[in-house]
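Chemist: File follows, query14.csv with CSV, C-alpha atoms:
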```csv
chain,number,residue,atom,x,y,z
P,29,MET,CA,-36.8,-89.6,-67.2
P,30,ASN,CA,-35.2,-92.7,-65.6
P,31,PHE,CA,-32.5,-94.4,-67.7
P,32,THR,CA,-34.3,-97.7,-67.5
P,33,PHE,CA,-37.5,-96.3,-68.9
P,34,LYS,CA,-35.5,-94.7,-71.8
P,35,ILE,CA,-34.0,-98.1,-72.6
P,36,LYS,CA,-37.5,-99.6,-72.5
P,37,GLY,CA,-38.8,-96.9,-74.9
P,38,VAL,CA,-35.9,-97.3,-77.4
P,39,PHE,CA,-36.4,-101.1,-77.2
P,40,LEU,CA,-40.2,-100.8,-77.9
P,41,ALA,CA,-39.6,-98.3,-80.8
P,42,LEU,CA,-37.0,-100.6,-82.4
P,43,THR,CA,-39.2,-103.6,-82.0
P,44,VAL,CA,-42.2,-101.8,-83.5
P,45,VAL,CA,-40.2,-100.7,-86.5
P,46,ALA,CA,-38.9,-104.3,-87.0
P,47,VAL,CA,-42.4,-105.8,-86.8
P,48,VAL,CA,-43.7,-103.2,-89.3
P,49,LEU,CA,-40.9,-103.8,-91.7
P,50,ALA,CA,-41.4,-107.6,-91.4
P,51,VAL,CA,-45.1,-107.3,-92.2
P,52,LEU,CA,-44.4,-104.9,-95.1
P,53,ALA,CA,-41.9,-107.3,-96.5
P,54,THR,CA,-44.5,-110.1,-96.5
P,55,LEU,CA,-47.0,-108.0,-98.4
P,56,ALA,CA,-47.2,-109.7,-101.8
P,57,PRO,CA,-47.8,-107.7,-104.9
P,58,VAL,CA,-51.4,-107.6,-105.9
P,59,ASP,CA,-52.3,-111.2,-106.7
P,60,ALA,CA,-54.1,-112.0,-109.9
P,61,ARG,CA,-56.9,-113.4,-107.7
P,62,GLU,CA,-57.5,-110.0,-106.2
P,63,LYS,CA,-59.5,-108.6,-109.0
P,64,THR,CA,-61.5,-106.3,-107.0
P,65,VAL,CA,-60.8,-103.6,-104.5
P,66,ARG,CA,-62.9,-105.5,-102.0
P,67,ASP,CA,-60.6,-108.6,-102.1
P,68,MET,CA,-57.5,-106.3,-101.5
P,69,ILE,CA,-59.3,-104.6,-98.6
P,70,ILE,CA,-60.1,-108.0,-97.0
P,71,ARG,CA,-56.5,-109.2,-97.3
P,72,LEU,CA,-55.1,-105.9,-95.9
P,73,ASP,CA,-57.6,-106.0,-93.0
P,74,LYS,CA,-56.3,-109.5,-92.1
P,75,GLU,CA,-52.7,-108.4,-92.2
P,76,TYR,CA,-53.3,-105.3,-90.2
P,77,ARG,CA,-55.2,-107.2,-87.5
P,78,TYR,CA,-52.3,-109.6,-87.3
P,79,LEU,CA,-49.9,-106.6,-86.9
P,80,ASP,CA,-52.2,-105.1,-84.2
P,81,GLU,CA,-52.2,-108.4,-82.3
P,82,GLU,CA,-48.4,-108.6,-82.4
P,83,LEU,CA,-48.0,-105.0,-81.2
P,84,GLU,CA,-50.4,-105.7,-78.3
P,85,LYS,CA,-48.3,-108.7,-77.3
P,86,LEU,CA,-45.2,-106.5,-77.3
P,87,ARG,CA,-46.9,-103.8,-75.2
P,88,GLU,CA,-47.9,-106.5,-72.7
P,89,ASN,CA,-44.3,-107.8,-72.5
P,90,ILE,CA,-42.9,-104.3,-72.1
P,91,SER,CA,-45.4,-103.2,-69.4
P,92,GLY,CA,-44.8,-106.4,-67.5
P,93,PHE,CA,-41.2,-105.7,-66.8
P,94,PRO,CA,-40.3,-106.1,-63.1
P,95,ASP,CA,-39.6,-103.0,-61.2
P,96,THR,CA,-36.9,-104.0,-58.8
P,97,ILE,CA,-34.6,-106.7,-57.4
P,98,LEU,CA,-35.2,-108.6,-54.2
P,99,ASP,CA,-32.1,-110.2,-52.6
P,100,LEU,CA,-32.6,-112.7,-49.7
P,101,THR,CA,-29.7,-114.1,-47.8
P,102,VAL,CA,-29.2,-116.3,-44.7
P,103,ILE,CA,-26.4,-115.9,-42.1
P,104,LYS,CA,-25.9,-117.6,-38.8
P,105,GLU,CA,-24.7,-116.2,-35.5
P,106,ALA,CA,-25.7,-119.2,-33.4
P,107,THR,CA,-23.1,-121.9,-32.8
P,108,GLY,CA,-23.6,-125.6,-32.3
P,109,VAL,CA,-26.7,-125.8,-34.6
P,110,ARG,CA,-27.1,-126.5,-38.2
P,111,LEU,CA,-29.8,-125.6,-40.7
P,112,ILE,CA,-31.5,-128.5,-42.4
P,113,SER,CA,-33.8,-126.9,-44.9
P,114,VAL,CA,-35.7,-123.7,-45.7
P,115,GLU,CA,-38.8,-122.9,-47.8
P,116,LEU,CA,-39.5,-119.3,-48.8
P,117,THR,CA,-42.8,-118.0,-50.0
P,118,ASP,CA,-43.8,-114.5,-51.2
P,119,ASN,CA,-47.5,-113.7,-50.9
P,120,ASP,CA,-48.2,-117.4,-50.5
P,121,LYS,CA,-46.3,-118.2,-53.8
P,122,LEU,CA,-43.3,-120.5,-53.4
P,123,LEU,CA,-40.1,-118.7,-54.4
P,124,LYS,CA,-37.4,-121.1,-53.2
P,125,SER,CA,-36.8,-124.2,-51.2
P,126,HIS,CA,-33.3,-125.4,-50.2
P,127,ILE,CA,-31.8,-128.4,-48.3
P,128,TYR,CA,-28.5,-127.6,-46.7
P,129,THR,CA,-25.4,-129.7,-47.1
P,130,PRO,CA,-22.7,-130.1,-44.4
P,131,ALA,CA,-20.4,-128.0,-46.5
P,132,GLU,CA,-22.9,-125.1,-46.7
P,133,ASN,CA,-23.5,-125.3,-42.9
P,134,ALA,CA,-19.7,-125.2,-42.4
P,135,ALA,CA,-19.4,-122.1,-44.6
P,136,ILE,CA,-22.3,-120.3,-42.9
P,137,SER,CA,-20.9,-121.2,-39.5
P,138,ALA,CA,-17.5,-119.7,-40.5
P,139,GLY,CA,-19.2,-116.4,-41.2
P,140,GLY,CA,-20.4,-117.0,-44.7
P,141,ARG,CA,-23.7,-115.8,-46.3
P,142,GLN,CA,-26.0,-118.0,-48.3
P,143,SER,CA,-27.8,-116.4,-51.2
P,144,LEU,CA,-31.3,-117.9,-50.8
P,145,TYR,CA,-33.1,-115.9,-53.5
P,146,ARG,CA,-32.3,-113.1,-56.0
P,147,GLY,CA,-34.9,-112.1,-58.5
P,148,GLU,CA,-36.9,-109.3,-60.0
P,149,VAL,CA,-40.2,-108.5,-58.4
P,150,ARG,CA,-42.9,-105.9,-58.8
P,151,ASP,CA,-43.2,-103.0,-56.5
P,152,GLY,CA,-45.6,-103.1,-53.6
P,153,LEU,CA,-46.0,-105.1,-50.4
P,154,HIS,CA,-44.4,-108.6,-50.3
P,155,ASN,CA,-45.3,-110.9,-47.4
P,156,LEU,CA,-42.2,-113.1,-47.1
P,157,ARG,CA,-42.6,-116.3,-45.1
P,158,LEU,CA,-39.7,-118.6,-44.3
P,159,VAL,CA,-40.3,-122.0,-42.8
P,160,PHE,CA,-37.0,-123.6,-41.7
P,161,TYR,CA,-35.8,-126.8,-39.9
P,162,TRP,CA,-32.7,-126.8,-37.7
P,163,SER,CA,-31.1,-129.1,-35.2
P,164,ALA,CA,-28.4,-129.1,-32.6
P,165,ALA,CA,-25.8,-131.8,-32.5
P,166,GLY,CA,-27.5,-135.2,-31.9
P,167,SER,CA,-31.0,-133.8,-31.6
P,168,VAL,CA,-34.1,-134.2,-33.7
P,169,PRO,CA,-35.0,-131.5,-36.3
P,170,VAL,CA,-37.1,-128.6,-35.0
P,171,LYS,CA,-39.4,-126.5,-37.2
P,172,GLY,CA,-39.3,-122.7,-37.1
P,173,GLU,CA,-41.2,-120.0,-39.0
P,174,VAL,CA,-40.7,-116.3,-39.6
P,175,SER,CA,-42.7,-113.7,-41.6
P,176,THR,CA,-41.7,-110.3,-42.6
P,177,ILE,CA,-43.4,-107.7,-44.9
P,178,VAL,CA,-41.2,-105.8,-47.3
P,179,ASN,CA,-42.4,-102.6,-49.1
P,180,VAL,CA,-40.6,-102.7,-52.4
P,181,GLU,CA,-40.2,-99.4,-54.2
P,182,ALA,CA,-39.7,-99.1,-57.9
P,183,ALA,CA,-36.2,-98.8,-59.2
P,184,ARG,CA,-34.7,-99.7,-55.8
P,185,ARG,CA,-32.8,-102.9,-54.8
P,186,HIS,CA,-34.0,-104.5,-51.6
P,187,PHE,CA,-32.2,-106.9,-49.3
P,188,VAL,CA,-33.5,-109.1,-46.6
P,189,GLU,CA,-31.1,-110.9,-44.4
P,190,PHE,CA,-32.3,-113.7,-42.2
P,191,ASN,CA,-30.0,-114.3,-39.2
P,192,LEU,CA,-30.2,-117.6,-37.3
P,193,VAL,CA,-29.9,-116.7,-33.6
P,194,ARG,CA,-30.7,-118.2,-30.2
P,195,GLY,CA,-34.0,-116.6,-29.0
P,196,ARG,CA,-36.5,-117.1,-26.2
P,197,ARG,CA,-38.2,-119.9,-28.1
P,198,GLY,CA,-35.1,-121.7,-29.3
P,199,MET,CA,-33.5,-120.9,-32.6
P,200,GLU,CA,-35.0,-118.0,-34.6
P,201,LEU,CA,-34.4,-116.5,-38.0
P,202,ILE,CA,-34.5,-112.8,-37.5
P,203,PRO,CA,-35.2,-110.8,-40.6
P,204,ARG,CA,-33.5,-107.5,-41.3
P,205,ASN,CA,-34.6,-105.7,-44.5
P,206,PHE,CA,-33.1,-102.7,-46.1
P,207,GLY,CA,-33.1,-101.1,-49.6
P,208,VAL,CA,-30.3,-99.3,-51.5
P,209,GLY,CA,-30.5,-96.6,-54.1
P,210,GLY,CA,-31.7,-96.9,-57.6
P,211,ARG,CA,-30.1,-99.0,-60.3
```
Would you write out, as C-alpha coordinates, the structure that this file holds?
Modeler:
Amino acid sequence: MNFTFKIKGVFLALTVVAVVLAVLATLAPVDAREKTVRDMIIRLDKEYRYLDEELEKLRENISGFPDTILDLTVIKEATGVRLISVELTDNDKLLKSHIYTPAENAAISAGGRQSLYRGEVRDGLHNLRLVFYWSAAGSVPVKGEVSTIVNVEAARRHFVEFNLVRGRRGMELIPRNFGVGGR
(Lines of atoms letter the chains of each structure in order from A and count residues from 1; the text may use other names and numbers.)
(Lines give C-alpha, C1' and ligand atoms only; values in the text may rest on other atoms or scores of the structure.)
Protein backbone atom coordinates (compact mmCIF):
# COMPACT_ATOMS: atom_id res chain seq x y z
CA MET A 1 0.00 0.00 0.00
CA ASN A 2 1.31 3.41 -0.92
CA PHE A 3 2.63 5.49 2.00
CA THR A 4 0.43 8.45 0.98
CA PHE A 5 -2.70 6.32 1.13
CA LYS A 6 -1.65 5.00 4.58
CA ILE A 7 -1.34 8.57 5.82
CA LYS A 8 -4.76 9.43 4.35
CA GLY A 9 -6.28 6.38 6.06
CA VAL A 10 -4.77 7.25 9.45
CA PHE A 11 -5.92 10.86 9.04
CA LEU A 12 -9.45 9.73 8.19
CA ALA A 13 -9.58 7.33 11.15
CA LEU A 14 -8.35 9.96 13.61
CA THR A 15 -10.79 12.52 12.24
CA VAL A 16 -13.72 10.10 12.56
CA VAL A 17 -12.76 9.29 16.16
CA ALA A 18 -12.50 13.01 16.96
CA VAL A 19 -15.91 13.76 15.44
CA VAL A 20 -17.55 10.84 17.27
CA LEU A 21 -16.03 11.92 20.58
CA ALA A 22 -17.14 15.51 20.01
CA VAL A 23 -20.71 14.43 19.29
CA LEU A 24 -20.77 12.10 22.29
CA ALA A 25 -19.51 14.92 24.50
CA THR A 26 -22.41 17.12 23.39
CA LEU A 27 -25.00 14.49 24.25
CA ALA A 28 -26.80 15.89 27.22
CA PRO A 29 -28.16 13.67 29.93
CA VAL A 30 -31.78 12.80 29.48
CA ASP A 31 -33.61 16.08 29.78
CA ALA A 32 -36.65 16.39 31.97
CA ARG A 33 -38.57 17.31 28.83
CA GLU A 34 -37.80 13.89 27.34
CA LYS A 35 -40.41 12.03 29.24
CA THR A 36 -40.99 9.43 26.60
CA VAL A 37 -38.80 7.08 24.69
CA ARG A 38 -40.18 8.65 21.52
CA ASP A 39 -38.74 12.09 22.45
CA MET A 40 -35.33 10.55 23.11
CA ILE A 41 -35.40 8.67 19.78
CA ILE A 42 -36.23 11.87 17.89
CA ARG A 43 -33.34 13.72 19.58
CA LEU A 44 -30.88 10.90 18.93
CA ASP A 45 -32.01 10.62 15.30
CA LYS A 46 -31.27 14.33 14.75
CA GLU A 47 -27.82 13.99 16.32
CA TYR A 48 -26.95 10.89 14.32
CA ARG A 49 -28.07 12.56 11.08
CA TYR A 50 -25.77 15.48 11.88
CA LEU A 51 -22.91 13.05 12.55
CA ASP A 52 -23.61 11.22 9.28
CA GLU A 53 -23.55 14.52 7.33
CA GLU A 54 -20.23 15.51 8.92
CA LEU A 55 -18.70 12.12 8.10
CA GLU A 56 -19.87 12.43 4.49
CA LYS A 57 -18.20 15.85 4.25
CA LEU A 58 -14.97 14.32 5.56
CA ARG A 59 -15.18 11.49 3.02
CA GLU A 60 -15.62 13.99 0.20
CA ASN A 61 -12.61 16.00 1.38
CA ILE A 62 -10.43 12.91 1.66
CA SER A 63 -11.46 11.47 -1.70
CA GLY A 64 -10.86 14.84 -3.35
CA PHE A 65 -7.15 14.91 -2.56
CA PRO A 66 -5.06 15.64 -5.66
CA ASP A 67 -3.04 12.80 -7.07
CA THR A 68 0.15 14.43 -8.27
CA ILE A 69 2.15 17.64 -8.73
CA LEU A 70 2.51 19.49 -12.02
CA ASP A 71 5.52 21.79 -12.34
CA LEU A 72 5.67 24.23 -15.28
CA THR A 73 8.76 26.33 -16.01
CA VAL A 74 9.96 28.75 -18.69
CA ILE A 75 13.52 29.00 -20.03
CA LYS A 76 14.92 30.95 -22.96
CA GLU A 77 17.58 29.93 -25.47
CA ALA A 78 16.84 32.78 -27.89
CA THR A 79 18.86 35.95 -27.55
CA GLY A 80 17.84 39.50 -28.32
CA VAL A 81 14.18 38.97 -27.40
CA ARG A 82 12.19 39.41 -24.25
CA LEU A 83 9.02 37.85 -22.94
CA ILE A 84 6.27 40.32 -22.19
CA SER A 85 3.55 38.11 -20.72
CA VAL A 86 2.17 34.57 -20.58
CA GLU A 87 -1.25 33.11 -19.85
CA LEU A 88 -1.52 29.43 -18.98
CA THR A 89 -4.71 27.34 -19.11
CA ASP A 90 -5.32 23.69 -18.25
CA ASN A 91 -8.36 22.17 -20.01
CA ASP A 92 -9.61 25.73 -20.68
CA LYS A 93 -9.29 26.72 -17.00
CA LEU A 94 -6.93 29.61 -16.24
CA LEU A 95 -4.03 28.44 -14.07
CA LYS A 96 -1.68 31.39 -14.18
CA SER A 97 -0.97 34.65 -15.96
CA HIS A 98 2.25 36.57 -15.59
CA ILE A 99 3.76 39.84 -16.82
CA TYR A 100 7.56 39.80 -17.03
CA THR A 101 9.70 42.50 -15.48
CA PRO A 102 13.05 43.59 -16.94
CA ALA A 103 14.80 41.82 -14.04
CA GLU A 104 13.01 38.54 -14.80
CA ASN A 105 13.92 38.80 -18.49
CA ALA A 106 17.56 39.45 -17.54
CA ALA A 107 17.56 36.41 -15.24
CA ILE A 108 16.03 34.13 -17.89
CA SER A 109 18.45 35.46 -20.52
CA ALA A 110 21.35 34.64 -18.20
CA GLY A 111 20.27 30.98 -18.10
CA GLY A 112 17.68 31.16 -15.34
CA ARG A 113 14.42 29.32 -15.13
CA GLN A 114 11.11 30.90 -14.21
CA SER A 115 8.71 28.75 -12.23
CA LEU A 116 5.44 29.54 -13.96
CA TYR A 117 3.17 27.14 -12.06
CA ARG A 118 3.53 24.46 -9.40
CA GLY A 119 0.40 22.80 -8.09
CA GLU A 120 -1.41 19.61 -7.29
CA VAL A 121 -3.62 18.22 -10.03
CA ARG A 122 -5.66 15.10 -10.59
CA ASP A 123 -4.40 12.30 -12.78
CA GLY A 124 -5.51 12.05 -16.39
CA LEU A 125 -5.08 14.12 -19.53
CA HIS A 126 -4.29 17.81 -19.17
CA ASN A 127 -4.46 20.02 -22.26
CA LEU A 128 -2.03 22.83 -21.42
CA ARG A 129 -2.27 25.96 -23.57
CA LEU A 130 0.18 28.82 -23.23
CA VAL A 131 -0.49 32.18 -24.91
CA PHE A 132 2.56 34.44 -24.80
CA TYR A 133 3.69 37.84 -26.03
CA TRP A 134 7.30 38.59 -26.92
CA SER A 135 9.24 41.35 -28.62
CA ALA A 136 12.65 41.98 -30.06
CA ALA A 137 14.50 45.19 -29.21
CA GLY A 138 12.50 48.13 -30.54
CA SER A 139 9.74 46.07 -32.16
CA VAL A 140 6.06 45.76 -31.36
CA PRO A 141 4.83 42.83 -29.24
CA VAL A 142 4.02 39.62 -31.10
CA LYS A 143 1.55 36.99 -29.95
CA GLY A 144 2.44 33.32 -29.85
CA GLU A 145 0.58 30.23 -28.72
CA VAL A 146 1.51 26.65 -27.90
CA SER A 147 -0.48 23.64 -26.69
CA THR A 148 0.68 20.37 -25.25
CA ILE A 149 -1.10 17.41 -23.72
CA VAL A 150 0.31 15.86 -20.56
CA ASN A 151 -0.86 12.48 -19.30
CA VAL A 152 -0.51 12.78 -15.55
CA GLU A 153 -0.18 9.53 -13.65
CA ALA A 154 -1.11 9.17 -9.99
CA ALA A 155 1.68 9.54 -7.42
CA ARG A 156 4.16 10.90 -9.98
CA ARG A 157 5.55 14.37 -10.35
CA HIS A 158 5.39 15.85 -13.85
CA PHE A 159 7.43 18.69 -15.28
CA VAL A 160 6.78 20.70 -18.40
CA GLU A 161 9.50 23.04 -19.55
CA PHE A 162 8.64 25.72 -22.11
CA ASN A 163 11.73 26.88 -24.01
CA LEU A 164 11.63 30.14 -25.99
CA VAL A 165 13.54 29.49 -29.23
CA ARG A 166 13.73 30.93 -32.73
CA GLY A 167 11.58 28.84 -35.03
CA ARG A 168 10.31 28.92 -38.58
CA ARG A 169 7.45 31.24 -37.61
CA GLY A 170 9.45 33.57 -35.38
CA MET A 171 9.72 32.91 -31.68
CA GLU A 172 8.19 29.71 -30.34
CA LEU A 173 7.79 28.23 -26.87
CA ILE A 174 8.67 24.58 -27.31
CA PRO A 175 7.26 22.32 -24.57
CA ARG A 176 9.20 19.38 -23.19
CA ASN A 177 7.39 17.26 -20.64
CA PHE A 178 8.70 14.54 -18.42
CA GLY A 179 7.71 12.81 -15.20
CA VAL A 180 9.80 11.55 -12.34
CA GLY A 181 9.23 8.73 -9.88
CA GLY A 182 6.71 8.59 -7.08
CA ARG A 183 6.73 10.88 -4.12
Chemist: From the options P:Gly147, P:Thr176, P:Ser137, P:Thr43, which residue's atoms come nearest to Gly108 of chain P, counting only C-alpha atoms?
Modeler: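 Smallest distance to Gly108 of chain P is found for P:Ser137.
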Chemist: Could you pull the residues within 6 Å of segment 150-159 of chain P, counting all atoms listed in the file, minus those fewer than 3 positions along the same chain, as a list in words?
Modeler: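 My reading of the contact set: Pro94, Asp95, Val114, Glu115, Leu116, Thr117, Asp118, Asn119, Gly172, Glu173, Val174, Ser175, Thr176, Ile177, Val178, Asn179, Val180, Glu181 and Ala182 of chain P.
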Chemist: Excluding same-chain residues fewer than 6 positions from Glu105 of chain P, what lies within 9 Å of it counting all atoms listed in the file, as a list in words?
Modeler: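 Result of the neighbour search: Ile136, Ser137, Gly139, Asn191, Leu192, Val193 and Arg194 of chain P.
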Chemist: Distance atom CA of Arg185 of chain P-atom CA of Leu98 of chain P, one decimal place?
Modeler: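 Interatomic distance, atom CA of Arg185 of chain P to atom CA of Leu98 of chain P: 6.2 Å.
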Chemist: Which of these residues is nearest to Glu132 of chain P, using only C-alpha atoms: P:Val149, P:Leu144, P:Val188, P:Val47?
Modeler: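 Of P:Val149, P:Leu144, P:Val188, P:Val47, the one nearest Glu132 of chain P is P:Leu144, counting only C-alpha atoms.
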Chemist: Can you work out the spacing between atom CA of Arg66 of chain P and atom CA of Leu83 of chain P in Å, to one decimal?
Modeler: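 Computed distance, atom CA of Arg66 of chain P to atom CA of Leu83 of chain P, equals 25.6 Å.
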Chemist: At what distance in Å, to one decimal, does atom CA of Lys121 of chain P lie from atom CA of Thr101 of chain P?
Modeler: 18.1 Å
Chemist: If we count all atoms listed in the file and set the cut-off at 10 Å, which residues sit around Pro169 of chain P, ignoring sequence neighbours fewer than 6 positions away in its own chain? Please answer as a PyMOL selection string.
Modeler: chain P and resi 110-113+160-163
Chemist: Based on the selection just made, write C-alpha atoms of those residues as an mmCIF file, keeping the file's coordinate frame.
Modeler:
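Generated output (again_11.cif):
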```cif
data_model
loop_
_atom_site.group_PDB
_atom_site.id
_atom_site.type_symbol
_atom_site.label_atom_id
_atom_site.label_comp_id
_atom_site.auth_asym_id
_atom_site.auth_seq_id
_atom_site.Cartn_x
_atom_site.Cartn_y
_atom_site.Cartn_z
ATOM 1 C CA ARG P 110 -27.100 -126.500 -38.200
ATOM 2 C CA LEU P 111 -29.800 -125.600 -40.700
ATOM 3 C CA ILE P 112 -31.500 -128.500 -42.400
ATOM 4 C CA SER P 113 -33.800 -126.900 -44.900
ATOM 5 C CA PHE P 160 -37.000 -123.600 -41.700
ATOM 6 C CA TYR P 161 -35.800 -126.800 -39.900
ATOM 7 C CA TRP P 162 -32.700 -126.800 -37.700
ATOM 8 C CA SER P 163 -31.100 -129.100 -35.200
#
```
Chemist: Restricting the calculation to only C-alpha atoms: of P:Arg141, P:Arg184, P:Arg87, P:Arg196, which residue gets closest to Leu100 of chain P?
Modeler: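 Result for the nearest residue to Leu100 of chain P: P:Arg141.
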Chemist: May I ask which of the residues P:Lys124, P:Asn133, P:Val102, P:Tyr78 is the closest one to Glu200 of chain P, counting only C-alpha atoms?
Modeler: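 Looking at the shortest contact to Glu200 of chain P, the residue is P:Val102.
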Chemist: With distances taken over only C-alpha atoms, which residue among P:Ala183, P:Ser125, P:Glu82, P:Ala165 lies nearest Thr96 of chain P?
Modeler: P:Ala183
Chemist: Considering only C-alpha atoms, state which residue in the set P:Ile127, P:Ile97, P:Ala134, P:Ala50 is at the smallest distance from Arg146 of chain P.
Modeler: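 Of all the options, P:Ile97 lies closest to Arg146 of chain P.
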